[in-house]
$ cat start38.csv   # CSV, C-alpha atoms and all ligand atoms
chain,number,residue,atom,x,y,z
A,1,MET,CA,97.4,77.3,125.3
A,2,LYS,CA,94.2,75.4,125.0
A,3,ILE,CA,94.2,71.9,123.5
A,4,ILE,CA,91.0,71.1,121.6
A,5,LYS,CA,90.0,67.8,120.1
A,6,SER,CA,86.4,68.5,119.1
A,7,ILE,CA,85.4,70.1,115.8
A,8,LEU,CA,82.3,71.7,117.3
A,9,GLU,CA,84.3,73.3,120.1
A,10,ILE,CA,87.0,74.9,117.9
A,11,GLN,CA,84.3,76.0,115.5
A,12,GLN,CA,82.4,77.7,118.3
A,13,ILE,CA,85.6,79.4,119.5
A,14,THR,CA,86.6,80.7,116.1
A,15,THR,CA,83.1,81.9,115.3
A,16,LYS,CA,83.2,83.9,118.5
A,17,LEU,CA,86.7,85.2,117.7
A,18,HIS,CA,85.3,86.5,114.3
A,19,GLN,CA,82.4,88.1,116.1
A,20,SER,CA,84.8,90.0,118.3
A,21,LYS,CA,86.8,90.9,115.1
A,22,LYS,CA,90.0,89.1,116.2
A,23,THR,CA,92.3,87.9,113.4
A,24,ILE,CA,93.3,84.3,113.3
A,25,GLY,CA,96.6,82.9,111.9
A,26,PHE,CA,96.5,79.2,111.3
A,27,VAL,CA,99.3,76.7,110.8
A,28,PRO,CA,98.1,73.3,109.7
A,29,THR,CA,100.6,70.5,110.4
A,30,MET,CA,101.0,66.8,110.8
A,31,GLY,CA,103.1,67.3,113.9
A,32,TYR,CA,106.6,66.1,114.9
A,33,PHE,CA,107.6,69.7,114.9
A,34,HIS,CA,111.0,71.0,113.7
A,35,LYS,CA,112.3,74.5,113.4
A,36,GLY,CA,110.4,75.0,110.1
A,37,HIS,CA,107.1,74.5,111.9
A,38,LEU,CA,108.2,76.8,114.8
A,39,SER,CA,109.0,79.6,112.3
A,40,LEU,CA,105.5,79.3,110.9
A,41,MET,CA,104.0,79.5,114.4
A,42,LYS,CA,106.1,82.5,115.3
A,43,GLN,CA,105.0,84.4,112.2
A,44,ALA,CA,101.4,83.4,112.6
A,45,LYS,CA,101.5,84.8,116.2
A,46,HIS,CA,103.3,87.9,115.1
A,47,GLU,CA,100.9,88.8,112.4
A,48,ASN,CA,97.6,87.9,114.0
A,49,GLU,CA,95.8,88.4,117.3
A,50,ILE,CA,95.1,84.7,117.7
A,51,SER,CA,97.3,81.7,116.6
A,52,ILE,CA,95.9,78.3,116.0
A,53,VAL,CA,98.0,75.2,115.1
A,54,SER,CA,96.5,71.8,114.1
A,55,ILE,CA,98.2,68.4,114.3
A,56,PHE,CA,96.5,65.7,112.2
A,57,VAL,CA,98.3,63.0,110.3
A,58,ASN,CA,95.9,62.8,107.4
A,59,PRO,CA,95.5,59.3,106.1
A,60,LEU,CA,93.9,60.5,102.9
A,61,GLN,CA,97.2,62.0,101.6
A,62,PHE,CA,99.2,58.8,101.9
A,63,GLY,CA,99.3,56.2,99.2
A,64,PRO,CA,98.9,52.5,100.0
A,65,ASN,CA,102.7,51.9,100.0
A,66,GLU,CA,103.6,55.1,101.8
A,67,ASP,CA,104.7,55.8,105.3
A,68,TYR,CA,101.4,56.7,107.1
A,69,ASP,CA,101.9,54.1,109.8
A,70,SER,CA,105.6,55.0,110.4
A,71,TYR,CA,105.1,58.8,110.0
A,72,PRO,CA,106.9,60.2,113.1
A,73,ARG,CA,104.6,61.2,115.9
A,74,ASP,CA,105.4,62.7,119.4
A,75,GLU,CA,102.3,64.4,120.8
A,76,GLU,CA,103.8,65.3,124.2
A,77,ARG,CA,106.9,67.0,122.7
A,78,ASP,CA,104.7,68.8,120.1
A,79,ILE,CA,102.3,70.1,122.8
A,80,ASN,CA,105.3,71.4,124.8
A,81,LEU,CA,106.9,73.1,121.8
A,82,ALA,CA,103.6,74.8,120.8
A,83,LYS,CA,103.1,76.0,124.3
A,84,GLN,CA,106.6,77.5,124.3
A,85,MET,CA,105.9,79.2,121.0
A,86,GLY,CA,102.9,80.9,122.7
A,87,VAL,CA,100.3,79.3,120.4
A,88,ASP,CA,96.7,80.1,121.6
A,89,TYR,CA,94.9,76.9,120.5
A,90,LEU,CA,96.2,73.5,119.5
A,91,PHE,CA,93.6,71.5,117.5
A,92,MET,CA,94.3,67.8,117.6
A,93,PRO,CA,91.4,65.8,116.2
A,94,THR,CA,91.2,62.0,116.0
A,95,ILE,CA,90.7,60.3,112.7
A,96,GLU,CA,87.1,59.5,113.8
A,97,GLU,CA,86.5,63.2,114.5
A,98,MET,CA,87.8,64.2,111.1
A,99,TYR,CA,86.4,61.3,109.0
A,100,PRO,CA,83.4,59.9,111.0
A,101,THR,CA,81.9,58.3,107.8
A,102,GLU,CA,83.4,57.5,104.4
A,103,MET,CA,83.6,60.7,102.4
A,104,VAL,CA,80.8,61.1,99.8
A,105,ILE,CA,82.4,64.2,98.3
A,106,LYS,CA,85.7,63.6,96.5
A,107,MET,CA,88.0,66.5,95.7
A,108,ALA,CA,90.6,66.5,92.9
A,109,ALA,CA,93.4,68.9,92.0
A,110,THR,CA,93.6,68.6,88.3
A,111,GLU,CA,96.3,71.2,87.6
A,112,ARG,CA,99.7,71.9,89.3
A,113,THR,CA,99.8,68.2,90.3
A,114,ASN,CA,101.1,66.5,87.2
A,115,ALA,CA,104.7,67.2,88.0
A,116,LEU,CA,107.1,66.9,90.9
A,117,CYS,CA,105.6,65.0,93.9
A,118,GLY,CA,102.2,64.9,92.3
A,119,ARG,CA,103.5,62.6,89.6
A,120,SER,CA,105.3,60.3,92.1
A,121,ARG,CA,102.4,60.4,94.6
A,122,PRO,CA,99.1,60.0,92.7
A,123,GLY,CA,96.2,61.2,94.9
A,124,HIS,CA,98.4,62.9,97.4
A,125,PHE,CA,97.3,66.4,96.7
A,126,ASP,CA,93.6,65.3,96.5
A,127,GLY,CA,94.0,64.2,100.1
A,128,VAL,CA,95.8,67.4,101.0
A,129,ILE,CA,93.1,69.7,99.6
A,130,THR,CA,90.3,67.6,101.1
A,131,VAL,CA,91.7,67.9,104.6
A,132,LEU,CA,92.6,71.6,104.2
A,133,THR,CA,89.1,72.4,103.0
A,134,LYS,CA,87.7,70.8,106.1
A,135,LEU,CA,90.3,72.5,108.3
A,136,PHE,CA,89.6,75.9,106.7
A,137,HIS,CA,85.9,75.5,107.4
A,138,ILE,CA,86.6,74.4,110.9
A,139,VAL,CA,89.2,76.9,111.9
A,140,GLN,CA,88.0,79.8,109.7
A,141,PRO,CA,91.4,81.5,109.6
A,142,ASN,CA,92.3,84.9,108.1
A,143,LYS,CA,95.8,83.9,107.2
A,144,ILE,CA,97.4,80.5,106.7
A,145,TYR,CA,101.1,79.7,107.0
A,146,PHE,CA,103.0,77.1,104.9
A,147,GLY,CA,106.7,76.3,104.4
A,148,LEU,CA,108.0,76.9,100.9
A,149,LYS,CA,109.9,73.6,101.2
A,150,ASP,CA,106.6,72.0,100.2
A,151,ALA,CA,106.4,74.4,97.3
A,152,GLN,CA,104.1,72.3,95.2
A,153,GLN,CA,101.7,72.1,98.2
A,154,VAL,CA,101.8,75.9,98.4
A,155,ALA,CA,101.1,76.2,94.6
A,156,VAL,CA,98.1,73.8,95.1
A,157,VAL,CA,96.8,75.6,98.2
A,158,ASP,CA,97.1,78.9,96.3
A,159,ALA,CA,94.8,77.4,93.6
A,160,LEU,CA,92.4,75.9,96.3
A,161,ILE,CA,91.8,79.3,98.0
A,162,THR,CA,91.4,81.1,94.6
A,163,ASP,CA,89.2,78.5,93.0
A,164,LEU,CA,87.0,77.9,96.0
A,165,ASN,CA,86.9,81.6,97.1
A,166,PHE,CA,88.2,81.0,100.6
A,167,PRO,CA,88.5,84.5,102.2
A,168,ILE,CA,92.0,83.6,103.4
A,169,ASP,CA,95.5,85.0,102.8
A,170,LEU,CA,98.2,82.5,102.0
A,171,VAL,CA,101.7,83.1,103.4
A,172,GLY,CA,104.6,80.9,102.3
A,173,LEU,CA,107.7,81.2,104.4
A,174,SER,CA,111.3,80.3,103.5
A,175,THR,CA,112.7,76.8,104.2
A,176,VAL,CA,114.5,76.5,107.5
A,177,ARG,CA,117.8,74.7,107.1
A,178,ASP,CA,120.4,73.3,109.5
A,179,ASN,CA,124.0,74.5,109.4
A,180,SER,CA,124.9,72.1,106.6
A,181,GLY,CA,122.1,73.4,104.4
A,182,LEU,CA,119.8,70.4,104.9
A,183,ALA,CA,116.2,71.4,104.8
A,184,MET,CA,114.3,70.7,108.1
A,185,SER,CA,111.8,67.9,107.6
A,186,SER,CA,110.0,65.5,110.0
A,187,ARG,CA,111.3,62.7,107.8
A,188,ASN,CA,115.0,63.5,108.4
A,189,ILE,CA,114.7,61.4,111.5
A,190,ASN,CA,114.6,58.3,109.2
A,191,LEU,CA,118.0,59.0,107.7
A,192,THR,CA,121.1,57.1,108.6
A,193,LYS,CA,124.3,59.1,109.5
A,194,GLU,CA,125.7,58.3,106.1
A,195,GLU,CA,122.5,59.3,104.3
A,196,ARG,CA,122.4,62.6,106.3
A,197,ASP,CA,125.9,63.4,105.1
A,198,GLN,CA,124.8,62.7,101.5
A,199,ALA,CA,121.5,64.6,101.9
A,200,ILE,CA,123.3,68.0,102.1
A,201,TRP,CA,123.9,67.6,98.4
A,202,LEU,CA,120.2,68.3,97.7
A,203,TYR,CA,120.7,71.9,98.7
A,204,LYS,CA,124.3,72.1,97.3
A,205,SER,CA,123.2,70.9,93.9
A,206,LEU,CA,120.3,73.4,93.9
A,207,LYS,CA,122.7,76.2,94.7
A,208,ILE,CA,124.9,75.1,91.7
A,209,GLY,CA,121.8,75.4,89.5
A,210,GLN,CA,121.0,78.8,90.9
A,211,GLN,CA,124.5,80.0,90.2
A,212,LEU,CA,124.3,78.9,86.6
A,213,ILE,CA,121.1,81.0,86.2
A,214,VAL,CA,122.7,84.0,87.9
A,215,ASP,CA,125.6,83.6,85.5
A,216,GLY,CA,123.2,83.8,82.6
A,217,GLU,CA,122.4,80.2,81.6
A,218,GLU,CA,118.9,80.1,80.2
A,219,ASN,CA,118.6,76.5,79.1
A,220,PRO,CA,116.9,74.4,81.8
A,221,VAL,CA,118.2,71.2,80.2
A,222,ILE,CA,121.8,72.2,80.8
A,223,ILE,CA,121.0,73.2,84.4
A,224,LYS,CA,119.1,70.0,85.2
A,225,LYS,CA,122.0,68.0,83.7
A,226,GLU,CA,124.5,69.7,86.0
A,227,ILE,CA,122.3,69.2,89.1
A,228,ILE,CA,121.9,65.5,88.2
A,229,ASN,CA,125.6,65.0,87.7
A,230,THR,CA,126.4,66.7,91.0
A,231,LEU,CA,123.8,64.5,92.8
A,232,LYS,CA,125.1,61.3,91.2
A,233,GLN,CA,128.7,62.1,92.3
A,234,HIS,CA,127.7,62.5,95.9
A,235,ILE,CA,124.5,60.4,96.5
A,236,ASP,CA,124.3,56.7,95.8
A,237,VAL,CA,120.6,56.3,96.0
A,238,GLY,CA,117.8,57.0,93.5
A,239,ILE,CA,116.8,60.4,92.1
A,240,ASP,CA,113.1,60.7,91.9
A,241,TYR,CA,113.1,64.0,89.9
A,242,VAL,CA,115.1,67.1,89.1
A,243,GLU,CA,112.8,69.7,87.6
A,244,ILE,CA,112.8,73.4,86.6
A,245,LEU,CA,109.3,74.8,86.2
A,246,GLU,CA,107.4,78.1,86.4
A,247,PHE,CA,106.1,78.9,89.8
A,248,PRO,CA,103.4,78.7,91.0
A,249,SER,CA,101.8,77.5,87.7
A,250,LEU,CA,104.3,74.6,87.6
A,251,HIS,CA,104.2,74.9,83.8
A,252,THR,CA,107.2,73.6,81.9
A,253,VAL,CA,109.9,76.2,81.0
A,254,SER,CA,111.9,75.9,77.8
A,255,VAL,CA,113.9,79.2,78.3
A,256,ILE,CA,114.6,80.8,81.7
A,257,ASP,CA,114.1,84.4,80.8
A,258,LYS,CA,112.7,86.7,83.5
A,259,LYS,CA,110.3,84.2,85.0
A,260,GLN,CA,109.7,83.2,88.6
A,261,ILE,CA,110.8,79.6,88.5
A,262,ILE,CA,111.3,76.7,90.9
A,263,ILE,CA,114.3,74.3,90.8
A,264,ALA,CA,113.1,71.2,92.7
A,265,VAL,CA,114.7,67.8,93.6
A,266,ALA,CA,113.5,64.7,95.2
A,267,ILE,CA,115.7,61.8,96.4
A,268,PHE,CA,114.8,58.3,97.6
A,269,PHE,CA,116.8,57.3,100.7
A,270,LYS,CA,116.2,53.9,102.2
A,271,TYR,CA,113.5,55.0,104.7
A,272,ALA,CA,112.9,58.6,103.6
A,273,ARG,CA,112.1,60.4,100.4
A,274,LEU,CA,113.5,63.9,100.7
A,275,ILE,CA,112.5,66.9,98.7
A,276,ASP,CA,114.1,70.4,98.4
A,277,ASN,CA,113.8,73.4,96.1
A,278,LEU,CA,114.7,76.9,95.4
A,279,ILE,CA,112.1,79.3,94.2
A,280,LEU,CA,114.0,82.0,92.2
A,281,ASN,CA,112.5,85.4,91.3
A,282,MET,CA,113.2,87.1,88.0
A,283,ASP,CA,116.8,88.0,88.8
A,284,GLY,CA,117.7,84.6,90.1
A,285,GLN,CA,117.5,85.4,93.8
A,286,VAL,CA,115.7,83.1,96.3
A,287,LEU,CA,112.2,84.0,97.1
A,288,LYS,CA,112.0,84.6,100.9
A,289,ARG,CA,108.3,85.0,101.4
A,290,LEU,CA,105.2,84.4,99.3
A,291,ASP,CA,102.1,86.5,100.0
B,1,LIG,O1,102.3,69.8,105.1
B,1,LIG,C1,101.6,69.1,105.8
B,1,LIG,O2,102.0,68.8,107.0
B,1,LIG,C2,100.3,68.5,105.4
B,1,LIG,O3,100.3,68.2,104.0
B,1,LIG,C3,99.1,69.4,105.7
B,1,LIG,C4,99.2,70.8,105.0
B,1,LIG,C5,99.0,69.6,107.2
B,1,LIG,C6,97.8,68.7,105.3
B,1,LIG,O4,97.6,67.5,105.9
$ encode --input "start38.csv" --output "structure tokens"
Amino acid sequence: MKIIKSILEIQQITTKLHQSKKTIGFVPTMGYFHKGHLSLMKQAKHENEISIVSIFVNPLQFGPNEDYDSYPRDEERDINLAKQMGVDYLFMPTIEEMYPTEMVIKMAATERTNALCGRSRPGHFDGVITVLTKLFHIVQPNKIYFGLKDAQQVAVVDALITDLNFPIDLVGLSTVRDNSGLAMSSRNINLTKEERDQAIWLYKSLKIGQQLIVDGEENPVIIKKEIINTLKQHIDVGIDYVEILEFPSLHTVSVIDKKQIIIAVAIFFKYARLIDNLILNMDGQVLKRLD
């Protein structure tokens, strides 16, 4: 595995790869790898001739009171894990390399961002689409791999590549969970033991919502109420949101009748805000892969 810090160097490499008609699978990350990241790398490697992973904690997508400074980082461990996964190139630019001067161009996602995390984190997705646009130009991938745990991010990236005509295929892969059902997240490290025990109720409450839909409940208000009641019984911290929306448009749903929908929750623990979701296809089953 080759570690590259320079934009020019990786761009020269990927340009040559395209000239020799090699396909590139790209996994953009902020590091502190967990099994979810590793599953994206495995798939990128399996479906492409060359796999590239980036690690860059992007300051532009953190609000002033968010956890940019305390976001978990462990470069050495990440490098070893990427090596073990057989990644071909690990791109690890510095902030100065990515943002040498103040940006003159500002990007804004105006749809798909007024709900869920976009509502609680104003400007977050503008930062995400800015860094991804840069990374797509730098890495020039054929396919990009994202975890469906960050479903709103997937919906926004889907719009980014469509609206800006990136010749890239987006692949969303299912959330990787531990045995208790807790979704893998770099931020889980910030949970206390007690919070970790409570956090399993994010997934459990989503499954209760799914079961109601499978059993024929079509009213999202009733399903949300049931999820909120379940969460309140088992978690003694703040609920940021419980939402049921169409996916990937993220439009409001008033009746769940044969639509692909997302049930999403976000909870504030003391030092971590956790999110989880289920994307359900028309017959109420969990979507495993988005292409
Ligand atoms: O999901 C993430 O880790 C980040 O939002 C991403 C896509 C790497 C952009 O900084």
$ residues_near_ligand --input "start38.csv" --ligand "ligand LIG 1 (chain B)" --cutoff "9 Å" --atoms "all atoms listed in the file" --output "list in words"
Val27, Pro28, Thr29, Met30, Gly31, Ser54, Ile55, Phe56, Val57, Asn58, Pro59, Leu60, Gln61, His124, Phe125, Gly127, Val128, Ile129, Thr130, Val131, Leu132, Leu135, Phe146, Gly147, Asp150, Gln153, Val154 and Val157 of chain A
$ write_last_selection --input "start38.csv" --atoms "C-alpha atoms" --output "JSON list (two decimals), in the coordinates of the input"
[["chain", "number", "residue", "atom", "x", "y", "z"],
["A", 27, "VAL", "CA", 99.30, 76.70, 110.80],
["A", 28, "PRO", "CA", 98.10, 73.30, 109.70],
["A", 29, "THR", "CA", 100.60, 70.50, 110.40],
["A", 30, "MET", "CA", 101.00, 66.80, 110.80],
["A", 31, "GLY", "CA", 103.10, 67.30, 113.90],
["A", 54, "SER", "CA", 96.50, 71.80, 114.10],
["A", 55, "ILE", "CA", 98.20, 68.40, 114.30],
["A", 56, "PHE", "CA", 96.50, 65.70, 112.20],
["A", 57, "VAL", "CA", 98.30, 63.00, 110.30],
["A", 58, "ASN", "CA", 95.90, 62.80, 107.40],
["A", 59, "PRO", "CA", 95.50, 59.30, 106.10],
["A", 60, "LEU", "CA", 93.90, 60.50, 102.90],
["A", 61, "GLN", "CA", 97.20, 62.00, 101.60],
["A", 124, "HIS", "CA", 98.40, 62.90, 97.40],
["A", 125, "PHE", "CA", 97.30, 66.40, 96.70],
["A", 127, "GLY", "CA", 94.00, 64.20, 100.10],
["A", 128, "VAL", "CA", 95.80, 67.40, 101.00],
["A", 129, "ILE", "CA", 93.10, 69.70, 99.60],
["A", 130, "THR", "CA", 90.30, 67.60, 101.10],
["A", 131, "VAL", "CA", 91.70, 67.90, 104.60],
["A", 132, "LEU", "CA", 92.60, 71.60, 104.20],
["A", 135, "LEU", "CA", 90.30, 72.50, 108.30],
["A", 146, "PHE", "CA", 103.00, 77.10, 104.90],
["A", 147, "GLY", "CA", 106.70, 76.30, 104.40],
["A", 150, "ASP", "CA", 106.60, 72.00, 100.20],
["A", 153, "GLN", "CA", 101.70, 72.10, 98.20],
["A", 154, "VAL", "CA", 101.80, 75.90, 98.40],
["A", 157, "VAL", "CA", 96.80, 75.60, 98.20]]
$ closest_residue --input "start38.csv" --among "A:Gln11, A:Lys149, A:Ile3, A:Leu90" --to "A:His137" --atoms "all atoms listed in the file"
A:Gln11
$ closest_residue --input "start38.csv" --among "A:His34, A:Arg73, A:Arg196, A:Lys21" --to "A:Ile50" --atoms "all atoms listed in the file"
A:Lys21
$ atom_distance --input "start38.csv" --atom1 "atom CA of A:Glu243" --atom2 "atom CA of A:Ile263"
5.8 Å
$ closest_residue --input "start38.csv" --among "A:Ser254, A:Gln152, A:Thr23, A:Thr113" --to "A:Asp276" --atoms "all atoms listed in the file"
A:Gln152
$ residues_around --input "start38.csv" --residues "A:Gln84" --least-positions-apart "4" --cutoff "10 Å" --atoms "all atoms listed in the file" --output "PyMOL selection string"
chain A and resi 1+38+78-80
$ closest_residue --input "start38.csv" --among "A:Leu148, A:Thr133, A:Lys45, A:Lys83" --to "A:Ser185" --atoms "only C-alpha atoms"
A:Leu148
